[in-house]
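Asker: Here you go, one structure.
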Amino acid sequence: MSWLDETMVGFDTETTGVSTATDRIVTAAVITRRGDAIATRTWLIDPGVDIPASASAVHGISTEKARAEGVQPPDALEEIASALADALNAGHPVVAFNAQFDLTLLEHELARHGRPSLASRLEREEVRPVIDPLVLDRKLDQYRKGKRKLIDLCTLYAVKVDADDLHAADADVLATLELVQALAAAHPTMRTTPLDSLHDLQASAHHDWAVRFGAWLKSKGTTDDLPDPLWPVAAPALALTAPASPAGADDGDGELLF
């Protein structure tokens with residue numbers, strides 16, 4: 001039996017912005033799926049800062065709603081980190097689209113509120129195994145042109161989603177879990193590759209992409225917010241002083257290692 005037939009735990013956040021160092025989590029979802037059985041946990045958090053209108057326009061949560069209905073960050077972050085740690089310690093993969101952003105932001109938030117890092121809660125003290133369809137698609141279909149946002153990949157791999165539902169954390173997680181299965185159907189080697197090997201492949205692929213894309217950005221005069229080569233967490237939990245850029249660009253390249 002493949003890991004694809006076993007338990008997977010999806011994770012996503014909606015936030016006040018795109019900086020993993022300074023922005024805050026507004027909503028989060030952790031969805032455990034095994035076959036057709038699905039268990040969903042969601043959080044609405046009062047981030048303690050104003051939510052910019054541009055962010056509210058994406059996920060629909062205003063500052064007023066978060067303050068009135070949201071829980072305080074320390075309790076929510078503890079529950080989120082505990083859920084992910086339990087999954088990883090059990091050997092279940094955490095599945096996230098653009099995982100580096102969500103996991104790095106989570107580590108910053110935990111540090112900000114004086115909670116133990118996700119990495120420190122793990123038996124191996126390393127955040128793994130992680131499955132990221134964005135990184136996998138960049139690797140497995142490296143020469144394809146076009147955007148690689150979640151909605152784009154769902155369209156490409158025939159994952160049925162309602163675009164209006166995306167940018168809600170739980171909807172994004174469900175779409176991402178379906179996307180993993182669709183990717184594996186298109187690239188069957190995923191099914192027989194052990195999780196640890198697949199994790200290492202993604203770490204290497206992301207590193208190569210980030211270095212190459214960063215060099216291209218520098219050649220165009222961009223020197224700020226370059227992609228961080230470390231994956232799935234962009235900075236150690238105890239060294240959260242410099243902003244980590246989310247690996248959210250649309251294109252990338254790499255060399256197929258399967």
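Scheme for the structure tokens: letters A, B, ... for chains in order shown; per-chain residue numbers from 1; ligand numbers from 1 in order shown.
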So that each row is one residue of region 155-211 of chain A with an atom at most 8 Å from region 95-102 of chain A, can you give its shortest atom pair and the distance in Å to one decimal, using only C-alpha atoms, rows by chain and rising number, as a tab-separated table?

Answerer:
```
residue	atom	partner	partner_atom	distance
A:Val173	CA	A:Ala96	CA	7.1
A:Thr176	CA	A:Phe97	CA	6.3
A:Leu177	CA	A:Val95	CA	6.9
```

Asker: Write out as a PDB file with N, CA and C atoms, in the first residue's frame which residues come within 12 Å of Asp162 (chain A) when counting only C-alpha atoms, dropping same-chain ones fewer than 4 positions away.

Answerer:
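out-v6.pdb was written with the following content:
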```
ATOM      1  N   LEU A 150      -2.713  27.774  -6.874  1.00  0.00           N
ATOM      2  CA  LEU A 150      -3.540  26.610  -6.569  1.00  0.00           C
ATOM      3  C   LEU A 150      -4.651  26.430  -7.591  1.00  0.00           C
ATOM      4  N   ILE A 151      -5.351  27.493  -7.948  1.00  0.00           N
ATOM      5  CA  ILE A 151      -6.444  27.373  -8.904  1.00  0.00           C
ATOM      6  C   ILE A 151      -5.932  26.935 -10.271  1.00  0.00           C
ATOM      7  N   CYS A 154      -5.163  23.171 -10.043  1.00  0.00           N
ATOM      8  CA  CYS A 154      -6.417  22.414  -9.983  1.00  0.00           C
ATOM      9  C   CYS A 154      -7.048  22.322 -11.364  1.00  0.00           C
ATOM     10  N   THR A 155      -6.989  23.403 -12.118  1.00  0.00           N
ATOM     11  CA  THR A 155      -7.513  23.387 -13.482  1.00  0.00           C
ATOM     12  C   THR A 155      -6.704  22.445 -14.359  1.00  0.00           C
ATOM     13  N   LEU A 166     -12.108  29.189  -2.893  1.00  0.00           N
ATOM     14  CA  LEU A 166     -10.698  29.213  -2.528  1.00  0.00           C
ATOM     15  C   LEU A 166     -10.365  30.496  -1.777  1.00  0.00           C
ATOM     16  N   HIS A 167      -9.276  30.462  -1.050  1.00  0.00           N
ATOM     17  CA  HIS A 167      -8.842  31.508  -0.114  1.00  0.00           C
ATOM     18  C   HIS A 167      -9.637  31.463   1.177  1.00  0.00           C
ATOM     19  N   ALA A 168     -10.380  30.382   1.374  1.00  0.00           N
ATOM     20  CA  ALA A 168     -10.799  29.998   2.722  1.00  0.00           C
ATOM     21  C   ALA A 168      -9.909  28.826   3.078  1.00  0.00           C
ATOM     22  N   ALA A 171     -11.201  25.225   2.475  1.00  0.00           N
ATOM     23  CA  ALA A 171     -11.398  24.915   1.061  1.00  0.00           C
ATOM     24  C   ALA A 171     -10.065  24.706   0.359  1.00  0.00           C
ATOM     25  N   ASP A 172      -9.089  25.521   0.699  1.00  0.00           N
ATOM     26  CA  ASP A 172      -7.762  25.372   0.096  1.00  0.00           C
ATOM     27  C   ASP A 172      -7.125  24.036   0.477  1.00  0.00           C
ATOM     28  N   LEU A 174      -8.696  21.184   1.305  1.00  0.00           N
ATOM     29  CA  LEU A 174      -9.371  20.094   0.596  1.00  0.00           C
ATOM     30  C   LEU A 174      -8.931  20.039  -0.864  1.00  0.00           C
ATOM     31  N   ALA A 175      -8.803  21.195  -1.498  1.00  0.00           N
ATOM     32  CA  ALA A 175      -8.338  21.231  -2.883  1.00  0.00           C
ATOM     33  C   ALA A 175      -6.913  20.704  -2.994  1.00  0.00           C
TER      34      ALA A 175
END
```

Asker: Using backbone DSSP assignments, extract all strand (DSSP E or B) residues from region 74-229 of chain A; output them as an NGL selection string.

Answerer: :A and (94-95 or 130-131)

Asker: A:Asp165, A:Asp86, A:Asp141, A:Asp196: which is nearest Gly60 (chain A), counting only C-alpha atoms?

Answerer: A:Asp165

Asker: Can you pull out the residues contacting Arg24 (chain A)? Cut-off 10 Å, using only C-alpha atoms, and skip same-chain residues under 6 positions away; I want them as a list in words.

Answerer: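 Here the answer would be Thr13, Glu14, Thr15, Thr16, Gly17, Val18, Ile45, Asp46, Pro47, Gly48, Val49, Asp50, Ile51, Pro73, Leu105, Leu106, His108, Glu109 and Arg112 of chain A.
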
Asker: Just to confirm, what's the straight-line distance from CA of Gly10 (chain A) to CA of Asp208 (chain A) in Å (one decimal)?

Answerer: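 Computing it gives 25.1 Å between the two atoms.
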
Asker: Near Glu78 (chain A), within 12 Å and counting only C-alpha atoms, which residues show up once chain neighbours fewer than 3 positions away are dropped, as a list in words?

Answerer: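 The residues satisfying every condition are Trp43, Val71, Gln72, Pro73, Pro74, Asp75, Ala81, Ser82, Ala83, Leu84, Ala85, Asp86, Leu106, Glu107, Glu109, Leu110, Ala111, His113, Gly114, Arg115, Pro116, Ser117, Leu118 and Arg121 of chain A.
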
Asker: Grab the CA of Leu88 (chain A) to CA of Pro227 (chain A) distance for me, in Å with one decimal place.

Answerer: 25.4 Å

Asker: List every residue of region 8-191 of chain A that DSSP, applied to the backbone of this structure, places in alpha helix (DSSP H), and write the result as a ChimeraX atom specification.

Answerer: /A:53-59,63-69,73-89,99-112,133-140,150-156,169-186,189-191

Asker: Considering only C-alpha atoms, state which residue in the set A:Ile131, A:Glu125, A:Ser54, A:Ser120 is at the smallest distance from Met8 (chain A).

Answerer: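 Closest to Met8 (chain A) of all the choices is A:Ile131.
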
Asker: For a test of reading the model, state the distance in Å between CA of Trp216 (chain A) and CA of Leu136 (chain A), rounded to one decimal.

Answerer: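 CA of Trp216 (chain A) sits 20.9 Å away from CA of Leu136 (chain A).
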